[in-house]
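With mmCIF, C-alpha atoms inside, this is query-v7.cif:
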data_my_file
#
loop_
_atom_site.label_atom_id
_atom_site.label_comp_id
_atom_site.auth_asym_id
_atom_site.auth_seq_id
_atom_site.Cartn_x
_atom_site.Cartn_y
_atom_site.Cartn_z
CA MET A 1 -4.77 0.91 -8.24
CA THR A 2 -5.39 -2.85 -8.34
CA PRO A 3 -5.90 -4.41 -4.92
CA VAL A 4 -3.51 -7.19 -3.92
CA HIS A 5 -5.32 -10.23 -2.51
CA GLY A 6 -8.29 -7.98 -1.70
CA ARG A 7 -6.15 -5.23 -0.15
CA PRO A 8 -6.55 -1.52 -0.86
CA GLY A 9 -3.96 0.31 -2.96
CA SER A 10 -1.42 0.47 -0.13
CA ALA A 11 -0.95 -0.62 3.48
CA VAL A 12 -3.48 0.54 6.08
CA SER A 13 -2.07 -0.93 9.29
CA VAL A 14 1.67 -1.52 9.64
CA ALA A 15 3.69 -3.31 12.31
CA VAL A 16 7.42 -2.56 12.43
CA LEU A 17 9.28 -5.04 14.62
CA GLY A 18 12.50 -3.38 15.66
CA ALA A 19 13.06 0.15 16.96
CA GLY A 20 16.64 0.61 15.83
CA SER A 21 17.77 3.19 13.30
CA TRP A 22 16.55 1.47 10.12
CA GLY A 23 13.31 0.15 11.61
CA THR A 24 12.39 3.57 12.97
CA THR A 25 13.44 5.30 9.75
CA PHE A 26 11.35 2.96 7.62
CA ALA A 27 8.37 3.57 9.92
CA LYS A 28 8.86 7.31 9.30
CA THR A 29 9.08 6.70 5.56
CA LEU A 30 5.80 4.74 5.62
CA ALA A 31 4.15 7.53 7.61
CA ASP A 32 5.40 10.25 5.25
CA ALA A 33 4.33 8.17 2.26
CA ALA A 34 0.81 7.92 3.69
CA THR A 35 0.66 11.68 4.27
CA ALA A 36 1.85 12.39 0.72
CA SER A 37 -0.78 10.09 -0.80
CA GLY A 38 -3.63 11.04 1.54
CA VAL A 39 -3.85 7.57 3.12
CA ASP A 40 -4.97 7.14 6.73
CA ARG A 41 -2.32 4.69 7.97
CA ARG A 42 -1.64 3.37 11.45
CA ILE A 43 2.02 2.50 12.17
CA ARG A 44 3.05 0.72 15.34
CA VAL A 45 6.65 -0.05 16.28
CA TRP A 46 7.74 -2.84 18.61
CA GLY A 47 10.80 -2.15 20.73
CA ARG A 48 12.56 -4.22 23.39
CA ARG A 49 13.43 -1.27 25.58
CA ALA A 50 10.75 0.62 27.47
CA GLU A 51 12.74 3.87 27.41
CA VAL A 52 12.95 3.86 23.60
CA VAL A 53 9.21 3.14 23.35
CA ALA A 54 8.45 5.97 25.78
CA GLU A 55 10.53 8.45 23.76
CA ILE A 56 8.66 7.55 20.58
CA ASN A 57 5.24 7.83 22.23
CA ASN A 58 5.84 10.89 24.39
CA ASN A 59 8.30 12.97 22.38
CA HIS A 60 7.95 11.56 18.84
CA ARG A 61 11.68 10.88 18.74
CA ASN A 62 14.18 8.03 19.01
CA PRO A 63 17.23 9.93 20.23
CA GLN A 64 19.45 6.89 20.76
CA TYR A 65 19.38 6.03 17.07
CA LEU A 66 18.10 9.07 15.16
CA ALA A 67 19.36 12.02 17.19
CA ASP A 68 17.04 15.01 16.68
CA ILE A 69 14.79 13.59 13.95
CA ASP A 70 11.09 14.30 14.56
CA LEU A 71 8.77 11.35 13.97
CA PRO A 72 5.23 11.72 12.59
CA PRO A 73 2.48 11.45 15.23
CA SER A 74 0.93 8.51 13.33
CA ILE A 75 3.80 6.37 14.67
CA THR A 76 3.26 4.79 18.08
CA ALA A 77 5.34 2.19 19.90
CA SER A 78 4.94 -0.63 22.38
CA THR A 79 6.93 -3.36 24.09
CA ASP A 80 3.90 -5.64 23.61
CA VAL A 81 4.42 -7.41 20.30
CA ALA A 82 0.84 -8.75 20.25
CA GLU A 83 -0.50 -5.20 20.43
CA VAL A 84 1.81 -4.09 17.62
CA LEU A 85 0.91 -7.00 15.30
CA SER A 86 -2.84 -6.87 15.90
CA GLY A 87 -4.62 -6.24 12.59
CA ALA A 88 -1.43 -5.43 10.64
CA ASP A 89 -1.68 -5.99 6.88
CA LEU A 90 2.05 -5.21 6.48
CA VAL A 91 4.64 -6.62 8.89
CA VAL A 92 8.15 -5.15 8.67
CA LEU A 93 11.03 -7.05 10.29
CA ALA A 94 14.04 -5.01 11.41
CA VAL A 95 15.77 -7.09 14.09
CA PRO A 96 19.34 -8.48 14.17
CA ALA A 97 19.64 -11.31 11.66
CA GLN A 98 21.01 -13.85 14.11
CA SER A 99 18.07 -13.44 16.50
CA LEU A 100 15.34 -13.60 13.84
CA ARG A 101 14.51 -17.32 13.88
CA LEU A 102 13.89 -17.57 17.63
CA GLN A 103 11.82 -14.39 17.63
CA LEU A 104 9.67 -15.55 14.71
CA ARG A 105 8.82 -18.75 16.59
CA LYS A 106 7.27 -16.60 19.32
CA TRP A 107 5.59 -14.20 16.88
CA LYS A 108 4.12 -16.72 14.42
CA PRO A 109 0.68 -17.02 16.11
CA LEU A 110 0.37 -13.22 16.10
CA VAL A 111 1.01 -12.57 12.40
CA GLY A 112 -2.21 -12.16 10.41
CA PRO A 113 -3.04 -14.96 7.91
CA GLU A 114 -2.96 -12.56 4.94
CA ALA A 115 -0.27 -10.11 6.04
CA LEU A 116 2.65 -9.39 3.75
CA VAL A 117 6.02 -9.62 5.50
CA VAL A 118 8.95 -7.35 4.60
CA SER A 119 12.55 -7.97 5.63
CA LEU A 120 14.84 -4.99 6.17
CA MET A 121 17.63 -7.27 7.43
CA LYS A 122 20.91 -7.87 5.63
CA GLY A 123 22.52 -11.02 6.95
CA LEU A 124 22.98 -14.77 6.57
CA GLU A 125 22.06 -17.01 9.46
CA LEU A 126 25.06 -18.68 11.07
CA GLY A 127 24.90 -22.47 10.96
CA SER A 128 22.24 -22.76 8.26
CA ASP A 129 23.64 -20.11 5.86
CA ALA A 130 19.98 -19.19 5.24
CA ARG A 131 18.93 -15.84 3.83
CA MET A 132 16.41 -13.90 5.93
CA SER A 133 13.56 -14.52 3.48
CA GLU A 134 14.23 -18.25 3.83
CA VAL A 135 14.15 -18.03 7.62
CA ILE A 136 10.86 -16.11 7.43
CA ALA A 137 9.30 -18.68 5.08
CA GLU A 138 10.39 -21.57 7.31
CA GLU A 139 9.35 -20.14 10.66
CA LEU A 140 6.12 -18.38 9.65
CA ASP A 141 5.20 -21.16 7.21
CA ILE A 142 4.03 -18.71 4.55
CA PRO A 143 4.50 -18.81 0.76
CA ALA A 144 7.23 -16.85 -1.01
CA ASN A 145 4.73 -14.48 -2.62
CA ARG A 146 3.93 -13.03 0.83
CA ILE A 147 7.58 -12.27 1.62
CA ALA A 148 9.49 -9.24 0.32
CA VAL A 149 12.88 -7.64 0.88
CA VAL A 150 13.69 -3.92 0.86
CA SER A 151 17.32 -3.15 0.10
CA GLY A 152 19.59 -0.65 -1.61
CA PRO A 153 21.70 2.31 -0.49
CA ASN A 154 19.72 2.61 2.75
CA LEU A 155 21.83 4.62 5.20
CA ALA A 156 19.15 5.25 7.79
CA MET A 157 20.17 8.69 8.99
CA GLU A 158 20.23 10.14 5.47
CA ILE A 159 16.73 8.82 4.77
CA ALA A 160 15.51 10.05 8.16
CA ARG A 161 16.82 13.50 7.16
CA GLU A 162 14.71 13.15 3.99
CA GLU A 163 17.68 13.18 1.65
CA PRO A 164 16.61 11.72 -1.74
CA THR A 165 17.12 7.96 -1.90
CA ALA A 166 16.18 5.18 -4.31
CA SER A 167 15.73 1.60 -3.16
CA VAL A 168 14.44 -1.81 -4.28
CA VAL A 169 11.44 -3.89 -3.21
CA ALA A 170 11.99 -7.53 -4.15
CA CYS A 171 9.19 -10.08 -4.17
CA PRO A 172 8.38 -13.04 -6.45
CA ASP A 173 4.83 -11.64 -6.76
CA SER A 174 5.04 -8.45 -8.85
CA ALA A 175 1.64 -7.23 -7.62
CA ALA A 176 2.72 -7.60 -3.99
CA ALA A 177 6.02 -5.83 -4.73
CA GLY A 178 4.10 -2.94 -6.29
CA TRP A 179 1.71 -2.75 -3.32
CA ILE A 180 4.63 -2.52 -0.89
CA ALA A 181 6.40 0.02 -3.11
CA ARG A 182 3.29 2.24 -3.16
CA SER A 183 3.12 1.95 0.62
CA CYS A 184 6.62 3.38 1.09
CA THR A 185 6.86 5.90 -1.76
CA ALA A 186 7.59 9.18 0.02
CA PRO A 187 8.69 12.50 -1.52
CA TYR A 188 12.29 11.58 -0.69
CA PHE A 189 12.12 7.77 -1.05
CA ARG A 190 11.68 6.14 -4.48
CA PRO A 191 11.38 2.33 -4.50
CA TYR A 192 11.80 0.23 -7.65
CA THR A 193 10.53 -3.35 -7.85
CA THR A 194 12.06 -6.67 -8.90
CA SER A 195 11.31 -10.37 -8.62
CA ASP A 196 14.99 -11.19 -7.94
CA ILE A 197 14.81 -11.65 -4.19
CA VAL A 198 17.98 -13.80 -4.18
CA GLY A 199 20.13 -11.20 -5.91
CA VAL A 200 18.77 -8.38 -3.76
CA GLU A 201 19.44 -10.26 -0.53
CA ILE A 202 22.92 -11.42 -1.52
CA GLY A 203 23.84 -7.87 -2.54
CA GLY A 204 22.74 -6.62 0.88
CA ILE A 205 24.59 -9.39 2.71
CA VAL A 206 27.99 -9.48 1.04
CA LYS A 207 28.40 -5.70 0.84
CA ASN A 208 28.70 -5.67 4.64
CA VAL A 209 31.75 -7.95 4.47
CA ILE A 210 33.32 -5.89 1.67
CA ALA A 211 32.66 -2.71 3.68
CA LEU A 212 34.63 -4.22 6.56
CA ALA A 213 37.55 -4.75 4.17
CA VAL A 214 37.34 -1.18 2.85
CA GLY A 215 37.10 0.17 6.40
CA ILE A 216 40.20 -1.79 7.41
CA CYS A 217 42.04 -0.32 4.42
CA GLU A 218 41.00 3.17 5.52
CA GLY A 219 42.06 2.45 9.10
CA LYS A 220 45.44 1.38 7.74
CA GLN A 221 45.56 4.68 5.79
CA MET A 222 45.58 2.99 2.41
CA GLY A 223 44.64 5.21 -0.52
CA ASP A 224 41.62 5.59 -2.77
CA ASN A 225 43.11 3.29 -5.41
CA THR A 226 43.12 0.46 -2.89
CA LYS A 227 39.59 1.15 -1.71
CA ALA A 228 38.23 1.48 -5.25
CA SER A 229 39.91 -1.79 -6.20
CA VAL A 230 38.42 -3.61 -3.22
CA ILE A 231 34.94 -2.21 -3.91
CA THR A 232 35.09 -3.24 -7.57
CA ARG A 233 36.45 -6.72 -6.96
CA GLY A 234 34.06 -7.02 -4.03
CA LEU A 235 31.21 -6.49 -6.47
CA ALA A 236 32.64 -9.29 -8.61
CA GLU A 237 32.65 -11.60 -5.58
CA THR A 238 29.10 -10.65 -4.73
CA SER A 239 28.01 -11.27 -8.31
CA ARG A 240 29.64 -14.72 -8.43
CA LEU A 241 27.79 -15.79 -5.30
CA ALA A 242 24.47 -14.30 -6.39
CA LEU A 243 24.64 -15.95 -9.80
CA ALA A 244 25.51 -19.31 -8.24
CA LEU A 245 22.35 -19.07 -6.15
CA GLY A 246 20.14 -18.09 -9.08
CA GLY A 247 20.31 -14.30 -8.79
CA LYS A 248 20.46 -12.01 -11.81
CA ALA A 249 23.50 -10.12 -13.08
CA HIS A 250 21.50 -6.94 -13.71
CA THR A 251 20.55 -6.85 -10.01
CA MET A 252 24.23 -6.63 -9.10
CA ALA A 253 24.63 -3.62 -11.40
CA GLY A 254 21.66 -1.88 -9.79
CA LEU A 255 20.66 -0.25 -6.52
CA ALA A 256 20.71 -3.42 -4.43
CA GLY A 257 24.12 -4.41 -5.76
CA LEU A 258 26.47 -1.62 -6.81
CA GLY A 259 24.41 1.13 -5.19
CA ASP A 260 24.30 -0.45 -1.76
CA LEU A 261 27.95 -1.51 -1.97
CA VAL A 262 29.20 1.99 -2.78
CA ALA A 263 27.15 3.61 -0.01
CA THR A 264 28.15 1.07 2.62
CA CYS A 265 31.82 1.06 1.69
CA SER A 266 32.25 4.83 1.49
CA SER A 267 30.06 6.42 4.15
CA PRO A 268 31.06 7.16 7.76
CA LEU A 269 27.40 6.46 8.59
CA SER A 270 27.93 2.80 7.64
CA ARG A 271 28.30 0.56 10.69
CA ASN A 272 30.37 -2.01 8.80
CA HIS A 273 32.69 0.60 7.31
CA THR A 274 33.13 2.10 10.78
CA ALA A 275 33.83 -1.29 12.38
CA GLY A 276 36.41 -2.07 9.70
CA ARG A 277 38.12 1.29 10.16
CA LEU A 278 38.40 0.69 13.91
CA LEU A 279 39.85 -2.78 13.29
CA GLY A 280 42.34 -1.24 10.86
CA GLN A 281 43.38 1.22 13.56
CA GLY A 282 44.30 -1.70 15.80
CA LEU A 283 41.24 -2.16 18.00
CA THR A 284 40.13 -5.67 18.94
CA LEU A 285 36.66 -6.98 18.13
CA ASP A 286 35.63 -6.50 21.76
CA GLU A 287 36.86 -2.90 21.70
CA VAL A 288 34.99 -2.27 18.45
CA ALA A 289 31.79 -3.67 19.98
CA GLN A 290 32.17 -1.36 23.00
CA LYS A 291 32.53 1.70 20.77
CA MET A 292 29.51 0.92 18.60
CA THR A 293 25.88 1.10 19.72
CA GLN A 294 24.54 -1.06 16.87
CA THR A 295 25.44 -4.36 15.24
CA ALA A 296 27.88 -4.38 12.32
CA GLU A 297 26.15 -7.26 10.54
CA GLY A 298 29.19 -8.19 8.46
CA ILE A 299 31.05 -9.27 11.60
CA LYS A 300 28.33 -11.85 12.31
CA SER A 301 27.50 -12.86 8.73
CA GLY A 302 31.03 -13.00 7.29
CA GLN A 303 31.62 -16.58 8.37
CA ALA A 304 28.25 -17.69 6.97
CA VAL A 305 29.03 -16.04 3.62
CA HIS A 306 32.43 -17.75 3.55
CA GLU A 307 30.88 -21.14 4.32
CA LEU A 308 28.18 -20.73 1.68
CA ALA A 309 30.76 -19.77 -0.94
CA GLY A 310 32.76 -22.90 -0.06
CA LYS A 311 29.71 -25.15 -0.45
CA LEU A 312 29.03 -23.68 -3.89
CA GLY A 313 32.66 -23.62 -5.02
CA VAL A 314 32.61 -19.83 -5.43
CA GLU A 315 35.92 -17.97 -5.09
CA MET A 316 35.65 -15.03 -2.66
CA PRO A 317 39.20 -14.04 -1.65
CA ILE A 318 38.25 -10.70 -0.08
CA THR A 319 35.58 -12.35 2.04
CA ALA A 320 38.00 -15.14 3.02
CA ALA A 321 40.63 -12.60 4.09
CA VAL A 322 38.14 -10.58 6.18
CA VAL A 323 36.86 -13.73 7.88
CA ALA A 324 40.43 -14.73 8.70
CA VAL A 325 41.00 -11.32 10.32
CA LEU A 326 37.76 -11.62 12.34
CA ALA A 327 38.78 -15.13 13.48
CA GLY A 328 42.21 -13.90 14.60
CA LYS A 329 44.00 -16.05 12.01
CA LEU A 330 45.27 -13.03 10.09
CA SER A 331 46.42 -9.63 11.27
CA VAL A 332 45.16 -6.44 9.62
CA ASP A 333 48.77 -5.84 8.54
CA GLN A 334 48.68 -9.07 6.51
CA LEU A 335 45.30 -8.31 4.95
CA GLY A 336 46.39 -5.95 2.17
CA PRO A 337 48.34 -8.41 -0.02
CA LEU A 338 45.46 -10.94 0.15
CA LEU A 339 42.64 -8.63 -0.91
CA LEU A 340 43.38 -9.03 -4.62
CA SER A 341 44.92 -12.50 -4.46
CA ARG A 342 43.00 -14.26 -7.21
CA GLU A 343 45.02 -15.85 -10.01
CA LEU A 344 45.64 -13.65 -13.04
CA LYS A 345 42.81 -13.66 -15.58
CA ALA A 346 40.71 -11.36 -17.73
CA GLU A 347 38.64 -8.87 -15.70
CA GLY A 348 35.31 -10.08 -17.07
CA ASP A 349 35.97 -13.70 -16.09
CA TYR A 350 33.81 -14.19 -13.02
#

What does the file become when written as structure tokens?
Amino acid sequence: MTPVHGRPGSAVSVAVLGAGSWGTTFAKTLADAATASGVDRRIRVWGRRAEVVAEINNNHRNPQYLADIDLPPSITASTDVAEVLSGADLVVLAVPAQSLRLQLRKWKPLVGPEALVVSLMKGLELGSDARMSEVIAEELDIPANRIAVVSGPNLAMEIAREEPTASVVACPDSAAAGWIARSCTAPYFRPYTTSDIVGVEIGGIVKNVIALAVGICEGKQMGDNTKASVITRGLAETSRLALALGGKAHTMAGLAGLGDLVATCSSPLSRNHTAGRLLGQGLTLDEVAQKMTQTAEGIKSGQAVHELAGKLGVEMPITAAVVAVLAGKLSVDQLGPLLLSRELKAEGDY
């Protein structure tokens, strides 16, 4: 294997910042990948909460997020971010999108000068409408070829259970993308690579908003025709936005586009689908937040997606309708007729 910037064939020391379900699951995937390839890899997870860190270190579990999943002993955890980042050649970010910028400002001096940084986050920053890779580049002041995104149909619990999953590693530097892909190739996790970081990120962002719409439809007991229609037209919306930003159409037809959208819109394990279903059943946003232990990113990012589409002149009627519901300007009962409200035209006309 060809080294990347003097690195060995895959990561040796990994820092995962974020001990939620996806951060912990990806740490497990990296550990299992190392075992499968015979690599001696150290994986350290940073968590805010001492009790979560203690569970990982003492019992090799994260019961709050991953129930009874056993974690490999090569994974350790700490509340000390400096300890976690020390010597890491791969830094994985798995924190809520809206808190990323402020956290990176604190972490910047601790990130190694040659480390590759991977985003697992799927959100747009409110106010700036920036994608997470853009926030990382700005705050860490590192070039684009050191920043990658992992996305796709990534329901954490299924991957933690080692159910076969394919995903995408996006990075402008193909050698770096391959290095990261080798680092996380486990018997049950198959990453593909692409240079289309814009398309991959937009696919991961907008699908959360569309999943809210599908969840609301389910909560209102609408049928499969309705949900399939919203998913399909939601993909068209996602594609219009991605293409306007320079993303590629083939990305939208792949794992990070269609694949992620289908998984997020159809699975009860999806936080955004669940949040939408609860809204459709008549719960308020506050009541939904009380019932859920993790962030439904579409609730936070929906407004940013809507604003970005407006700036670019991109029509996104499903997104607009969901944002109106979240803002209290539209009831869930009024949502249905607006979901497919674009003017009549040929299906292929984006």

Inset, instruction - Write out as a ChimeraX atom specification each polymer residue whose atoms come within 8 Å of Arg48 (chain A), counting only C-alpha atoms; drop sequence neighbours fewer than 4 positions from it. - result: /A:18-19,79

Pull C-alpha atoms from the residues just selected and write them as an mmCIF file, keeping the file's coordinate frame.
data_model
loop_
_atom_site.group_PDB
_atom_site.id
_atom_site.type_symbol
_atom_site.label_atom_id
_atom_site.label_comp_id
_atom_site.auth_asym_id
_atom_site.auth_seq_id
_atom_site.Cartn_x
_atom_site.Cartn_y
_atom_site.Cartn_z
ATOM 1 C CA GLY A 18 12.500 -3.380 15.660
ATOM 2 C CA ALA A 19 13.060 0.150 16.960
ATOM 3 C CA THR A 79 6.930 -3.360 24.090
#

Legend entry - For Phe189 (chain A), the nearest of the candidates A:Arg161, A:Lys108, A:Lys311, A:Arg42, counting all atoms listed in the file: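 Answer, going by the shortest atom-to-atom distance: A:Arg161.
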
Inset, instruction - Determine the residue membership of the PyMOL selection byres ((chain A and resi 255-263) around 8) for the file above and supply it as JSON, numbers by chain. - result: {"A": [151, 152, 153, 154, 155, 166, 167, 168, 199, 200, 201, 203, 204, 207, 208, 210, 211, 231, 235, 251, 252, 253, 254, 264, 265, 266, 267, 270]}

Legend entry - Near-region 124-130 of chain A list (10 Å; only C-alpha atoms; drop same-chain fewer than 6 positions) as a ChimeraX atom specification: /A:97-101,136,201-202,204-206,297-298,300-309

Inset, instruction - Could you check which of A:Ala11, A:Leu245, A:Ala137, A:Val169 is closest to Tyr192 (chain A), using only C-alpha atoms? - result: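 Between A:Ala11, A:Leu245, A:Ala137, A:Val169, the residue approaching Tyr192 (chain A) most closely is A:Val169.
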
Inset, instruction - Evaluate the PyMOL selection byres ((chain A and resi 181) around 10) on the structure here and hand back the selected residues as a list in words. - result: Ser10, Ala11, Leu30, Ala33, Val150, Ser167, Val168, Val169, Ala170, Ala175, Ala176, Ala177, Gly178, Trp179, Ile180, Arg182, Ser183, Cys184, Thr185, Ala186, Phe189, Arg190, Pro191, Tyr192 and Thr193 of chain A

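Minimum distance to Gly38 (chain A) across A:Gly219, A:Glu162, A:Gly9, A:Lys248 (counting all atoms listed in the file) occurs at A:Gly9.
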
Legend entry - Residue nearest Thr35 (chain A) among A:Ser21, A:Ser74, A:Asn57, A:Asn272 (counting all atoms listed in the file):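 Looking at the shortest contact to Thr35 (chain A), the residue is A:Ser74.
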
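Note that CA of Met316 (chain A) and CA of Thr284 (chain A) are 24.0 Å apart.
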
Evaluate the PyMOL selection byres ((chain A and resi 313-315) around 10) and record the selected residues as a tab-separated table (two decimals) with C-alpha atoms, keeping the file's coordinate frame, following the chain and residue labels used in the document.
chain	number	residue	atom	x	y	z
A	236	ALA	CA	32.64	-9.29	-8.61
A	237	GLU	CA	32.65	-11.60	-5.58
A	238	THR	CA	29.10	-10.65	-4.73
A	240	ARG	CA	29.64	-14.72	-8.43
A	241	LEU	CA	27.79	-15.79	-5.30
A	242	ALA	CA	24.47	-14.30	-6.39
A	243	LEU	CA	24.64	-15.95	-9.80
A	244	ALA	CA	25.51	-19.31	-8.24
A	306	HIS	CA	32.43	-17.75	3.55
A	307	GLU	CA	30.88	-21.14	4.32
A	308	LEU	CA	28.18	-20.73	1.68
A	309	ALA	CA	30.76	-19.77	-0.94
A	310	GLY	CA	32.76	-22.90	-0.06
A	311	LYS	CA	29.71	-25.15	-0.45
A	312	LEU	CA	29.03	-23.68	-3.89
A	316	MET	CA	35.65	-15.03	-2.66
A	317	PRO	CA	39.20	-14.04	-1.65
A	318	ILE	CA	38.25	-10.70	-0.08
A	319	THR	CA	35.58	-12.35	2.04
A	320	ALA	CA	38.00	-15.14	3.02
A	342	ARG	CA	43.00	-14.26	-7.21
A	350	TYR	CA	33.81	-14.19	-13.02

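Counting from CA of Val45 (chain A), the distance to CA of Pro187 (chain A) is 21.9 Å.
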
Inset, instruction - Give me, please, the distance in Å between CA of Thr226 (chain A) and CA of His250 (chain A), quoted to one decimal. - result: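 One can read the CA of Thr226 (chain A) to CA of His250 (chain A) distance as 25.3 Å.
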
May I have the centre and edge lengths, in Å to one decimal, of an axis-aligned box around the listed atoms of region 38-57 of chain A with 4 Å added to every side, as JSON?
{"center_x": 4.2, "center_y": 3.4, "center_z": 14.5, "size_x": 26.4, "size_y": 23.3, "size_z": 33.9}

Legend entry - Expected residue set, 12 Å radius at (4.6, 1.4, 10.6), all atoms listed in the file, as number ranges by chain: A: 11-19, 22-34, 40-46, 71-78, 84-85, 88-94, 118, 183-184

Inset, instruction - Please identify all polymer residues within 9 Å of Asn62 (chain A), counting all atoms listed in the file, omitting same-chain residues fewer than 4 positions from it, and present them as a PyMOL selection string. - result: chain A and resi 19-21+24+52-53+55-56+66-71

Pull C-alpha atoms from the residues just selected and write them as a tab-separated table (two decimals), in the coordinates of the input.
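Once written, part.tsv looks like this:
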chain	number	residue	atom	x	y	z
A	19	ALA	CA	13.06	0.15	16.96
A	20	GLY	CA	16.64	0.61	15.83
A	21	SER	CA	17.77	3.19	13.30
A	24	THR	CA	12.39	3.57	12.97
A	52	VAL	CA	12.95	3.86	23.60
A	53	VAL	CA	9.21	3.14	23.35
A	55	GLU	CA	10.53	8.45	23.76
A	56	ILE	CA	8.66	7.55	20.58
A	66	LEU	CA	18.10	9.07	15.16
A	67	ALA	CA	19.36	12.02	17.19
A	68	ASP	CA	17.04	15.01	16.68
A	69	ILE	CA	14.79	13.59	13.95
A	70	ASP	CA	11.09	14.30	14.56
A	71	LEU	CA	8.77	11.35	13.97

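Among A:Gly246, A:Pro164, A:Pro8, A:Gly215, the residue with the shortest atom-to-atom distance to Pro268 (chain A), counting all atoms listed in the file, is A:Gly215.
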